[in-house]
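*Asks:* One structure, pasted below without further comment.
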Amino acid sequence: MLPVDASVIRQEGKQQNRQRIHLCYFLNENRMKQVKVSDRHTAEFLTPFSMEKGDLVMADAGYGTAQNYIYAQDQGADVILRITQKNFCLYDADGKKFP
């Protein structure tokens, strides 16, 4: 299982710039699998992480988007995402958005 999350870190100094650290933890081996650092404008996405067939990725509501689901499926991974109607839009076969 690969829990994924991101946190904002603030730098010292007058400007106190913020960066985001993205973590992918390998729960079965009790170690970090991947670490990425971005600026504060980068949202919580799964795309910074490489996944393999058979991986089970678990992430909170910040990752619960259709784009993240599709990315994981394209990589062959399974995901457990907390989704909301606002962030995970569904469409019918004609391309009409479900209410």
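Letters A, B, ... mark the chains of the structure tokens in the order given; residue numbers begin at 1 per chain; ligand numbers begin at 1, in order shown.
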Enumerate, as a list in words, the complete set of residues in chain A that a backbone-based DSSP assignment places in alpha helix (DSSP H).

*Replies:* Ala66, Gln67, Asn68, Tyr69, Ile70, Tyr71, Ala72, Gln73, Asp74 and Gln75 of chain A

*Asks:* At a cut-off of 10 Å, using only C-alpha atoms, what residues contact Ala43 (chain A)? Leave out same-chain residues fewer than 2 positions from it and give the result as a list in words.

*Replies:*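 Residues near the query, excluding close chain neighbours: Ala6, Arg20, His22, Ser38, Asp39, Arg40, His41, Phe45, Leu46, Gly62 and Tyr63 of chain A.
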
*Asks:* One number please: CA of Gly64 (chain A) to CA of Ile9 (chain A), in Å, one decimal.

*Replies:* 22.3 Å

*Asks:* Do you have, as a Markdown table, the list of residues of region 48-78 of chain A lying at most 9 Å from region 88-99 of chain A, each with its nearest atom pair and that distance in Å to one decimal, counting only C-alpha atoms and ordered by chain then number?

*Replies:*
```
| residue | atom | partner | partner_atom | distance |
| --- | --- | --- | --- | --- |
| A:Gly64 | CA | A:Phe88 | CA | 6.5 |
| A:Thr65 | CA | A:Phe88 | CA | 4.8 |
| A:Ala66 | CA | A:Phe88 | CA | 5.3 |
| A:Gln67 | CA | A:Phe88 | CA | 8.6 |
```

*Asks:* Leaving out Asn30 (chain A) and any residue of its chain fewer than 3 positions from it, which residues lie within 12 Å of it when counting only C-alpha atoms, given as a ChimeraX atom specification?

*Replies:* /A:1-3,24-27,33

*Asks:* With only C-alpha atoms as the atoms that count, which of A:Asn68, A:Met32, A:Thr42, A:Ala59 lies nearest to Leu81 (chain A)?

*Replies:*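 Among the listed residues, A:Ala59 lies closest to Leu81 (chain A).
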
*Asks:* From the options A:Ile80, A:Val37, A:Val4, A:Ala72, which residue's atoms come nearest to Leu23 (chain A), counting only C-alpha atoms?

*Replies:*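 Nearest candidate to Leu23 (chain A) out of A:Ile80, A:Val37, A:Val4, A:Ala72: A:Val4.
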
*Asks:* Quote the spacing between CA of Asp60 (chain A) and CA of Gln11 (chain A) in Å to one decimal place.

*Replies:*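 The value is 25.2 Å.
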
*Asks:* Grab the CA of Glu44 (chain A) to CA of Met58 (chain A) distance for me, in Å with one decimal place.

*Replies:* 12.7 Å

*Asks:* Mind checking DSSP for chain A and telling me the strand (DSSP E) residues as a ChimeraX atom specification?

*Replies:* /A:2-10,18-26,31-39,56-59,78-81

*Asks:* Store the residues of this selection in a file with N, CA, C and O atoms, as a CSV table (one decimal), in the first residue's frame.

*Replies:*
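See selection-v5.csv below for the written result:
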```csv
chain,number,residue,atom,x,y,z
A,2,LEU,N,0.5,2.2,-0.8
A,2,LEU,CA,1.2,3.5,-0.9
A,2,LEU,C,0.4,4.7,-0.5
A,2,LEU,O,-0.3,5.3,-1.3
A,3,PRO,N,0.4,5.1,0.8
A,3,PRO,CA,-0.2,6.3,1.1
A,3,PRO,C,0.5,7.5,0.5
A,3,PRO,O,1.7,7.6,0.5
A,4,VAL,N,-0.3,8.5,0.0
A,4,VAL,CA,0.3,9.7,-0.6
A,4,VAL,C,-0.3,10.9,0.0
A,4,VAL,O,-1.5,11.0,0.3
A,5,ASP,N,0.5,11.9,0.3
A,5,ASP,CA,0.0,13.2,0.8
A,5,ASP,C,1.0,14.3,0.5
A,5,ASP,O,2.2,14.0,0.2
A,6,ALA,N,0.6,15.5,0.7
A,6,ALA,CA,1.5,16.7,0.5
A,6,ALA,C,1.3,17.6,1.7
A,6,ALA,O,0.2,17.7,2.3
A,7,SER,N,2.4,18.3,2.0
A,7,SER,CA,2.4,19.3,3.1
A,7,SER,C,3.1,20.6,2.6
A,7,SER,O,4.0,20.5,1.8
A,8,VAL,N,2.7,21.7,3.2
A,8,VAL,CA,3.3,23.0,2.9
A,8,VAL,C,4.4,23.2,3.9
A,8,VAL,O,4.1,23.0,5.1
A,9,ILE,N,5.6,23.6,3.5
A,9,ILE,CA,6.6,24.0,4.4
A,9,ILE,C,7.0,25.4,4.1
A,9,ILE,O,7.1,25.9,3.0
A,10,ARG,N,7.3,26.1,5.2
A,10,ARG,CA,7.6,27.6,5.1
A,10,ARG,C,9.1,27.7,5.3
A,10,ARG,O,9.7,27.2,6.3
A,18,ARG,N,6.9,29.7,0.6
A,18,ARG,CA,6.4,28.3,0.9
A,18,ARG,C,6.6,27.4,-0.3
A,18,ARG,O,6.6,27.8,-1.4
A,19,GLN,N,6.9,26.2,0.1
A,19,GLN,CA,7.1,25.1,-0.9
A,19,GLN,C,6.1,24.0,-0.4
A,19,GLN,O,5.7,23.9,0.7
A,20,ARG,N,5.9,23.0,-1.3
A,20,ARG,CA,5.1,21.9,-1.0
A,20,ARG,C,5.9,20.6,-1.2
A,20,ARG,O,6.6,20.5,-2.2
A,21,ILE,N,5.9,19.8,-0.2
A,21,ILE,CA,6.6,18.5,-0.3
A,21,ILE,C,5.5,17.4,-0.4
A,21,ILE,O,4.6,17.3,0.3
A,22,HIS,N,5.7,16.6,-1.5
A,22,HIS,CA,4.8,15.5,-1.9
A,22,HIS,C,5.5,14.2,-1.5
A,22,HIS,O,6.6,13.9,-1.9
A,23,LEU,N,4.8,13.4,-0.7
A,23,LEU,CA,5.4,12.2,-0.2
A,23,LEU,C,4.6,10.9,-0.6
A,23,LEU,O,3.3,11.0,-0.6
A,24,CYS,N,5.3,9.9,-1.0
A,24,CYS,CA,4.7,8.6,-1.3
A,24,CYS,C,5.4,7.6,-0.4
A,24,CYS,O,6.6,7.4,-0.5
A,25,TYR,N,4.7,7.0,0.5
A,25,TYR,CA,5.2,6.1,1.6
A,25,TYR,C,5.0,4.7,1.2
A,25,TYR,O,3.8,4.3,0.8
A,26,PHE,N,6.0,3.8,1.3
A,26,PHE,CA,5.8,2.4,1.0
A,26,PHE,C,5.5,1.7,2.4
A,26,PHE,O,6.4,1.4,3.2
A,31,ARG,N,9.1,2.7,4.7
A,31,ARG,CA,10.0,3.7,4.2
A,31,ARG,C,9.4,4.6,3.1
A,31,ARG,O,8.3,4.2,2.6
A,32,MET,N,10.0,5.7,2.9
A,32,MET,CA,9.6,6.6,1.8
A,32,MET,C,9.9,6.0,0.5
A,32,MET,O,11.0,5.5,0.3
A,33,LYS,N,9.0,6.0,-0.5
A,33,LYS,CA,9.2,5.5,-1.8
A,33,LYS,C,9.6,6.6,-2.7
A,33,LYS,O,10.6,6.5,-3.5
A,34,GLN,N,8.9,7.7,-2.6
A,34,GLN,CA,9.2,8.9,-3.5
A,34,GLN,C,8.9,10.2,-2.7
A,34,GLN,O,8.0,10.3,-2.0
A,35,VAL,N,9.8,11.2,-3.0
A,35,VAL,CA,9.6,12.5,-2.4
A,35,VAL,C,9.8,13.5,-3.5
A,35,VAL,O,10.8,13.4,-4.3
A,36,LYS,N,8.9,14.4,-3.6
A,36,LYS,CA,9.0,15.5,-4.6
A,36,LYS,C,8.8,16.8,-3.9
A,36,LYS,O,7.9,16.9,-3.0
A,37,VAL,N,9.5,17.9,-4.4
A,37,VAL,CA,9.3,19.2,-3.8
A,37,VAL,C,8.9,20.1,-4.9
A,37,VAL,O,9.4,20.1,-6.0
A,38,SER,N,7.8,20.9,-4.7
A,38,SER,CA,7.3,21.9,-5.7
A,38,SER,C,7.1,23.2,-5.0
A,38,SER,O,7.2,23.4,-3.8
A,39,ASP,N,6.6,24.2,-5.8
A,39,ASP,CA,6.3,25.5,-5.2
A,39,ASP,C,4.9,25.4,-4.6
A,39,ASP,O,4.2,24.4,-4.7
A,56,LEU,N,-1.3,-0.3,-4.8
A,56,LEU,CA,-2.6,0.2,-4.2
A,56,LEU,C,-2.2,1.6,-3.6
A,56,LEU,O,-1.5,1.6,-2.6
A,57,VAL,N,-2.7,2.6,-4.2
A,57,VAL,CA,-2.4,4.0,-3.7
A,57,VAL,C,-3.6,4.5,-3.0
A,57,VAL,O,-4.8,4.4,-3.4
A,58,MET,N,-3.4,5.1,-1.8
A,58,MET,CA,-4.4,5.7,-1.0
A,58,MET,C,-4.1,7.2,-0.7
A,58,MET,O,-3.0,7.5,-0.4
A,59,ALA,N,-5.1,8.0,-0.9
A,59,ALA,CA,-4.9,9.4,-0.8
A,59,ALA,C,-6.2,10.1,-0.3
A,59,ALA,O,-7.3,9.6,-0.4
A,78,ASP,N,-4.2,0.6,-8.6
A,78,ASP,CA,-5.5,0.7,-8.0
A,78,ASP,C,-5.4,1.9,-7.0
A,78,ASP,O,-4.4,2.1,-6.5
A,79,VAL,N,-6.5,2.6,-6.8
A,79,VAL,CA,-6.5,3.7,-5.9
A,79,VAL,C,-7.7,3.7,-5.0
A,79,VAL,O,-8.8,3.1,-5.3
A,80,ILE,N,-7.5,4.2,-3.8
A,80,ILE,CA,-8.5,4.5,-2.8
A,80,ILE,C,-8.5,6.0,-2.6
A,80,ILE,O,-7.6,6.5,-2.1
A,81,LEU,N,-9.5,6.6,-3.1
A,81,LEU,CA,-9.6,8.1,-3.1
A,81,LEU,C,-10.9,8.5,-2.4
A,81,LEU,O,-12.0,7.9,-2.6
```

*Asks:* Calculated over only C-alpha atoms, which of the candidates A:Gly54, A:Ala61, A:Asn17, A:Asn28 has the smallest distance to Asn87 (chain A)?

*Replies:*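 Under the stated criterion, the closest residue is A:Ala61.
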
*Asks:* Could you tell me which of A:Lys53, A:Glu29, A:Pro48, A:Lys14 comes closest to Asp74 (chain A) if we count only C-alpha atoms?

*Replies:*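 The answer is A:Lys53, which sits nearest to Asp74 (chain A).
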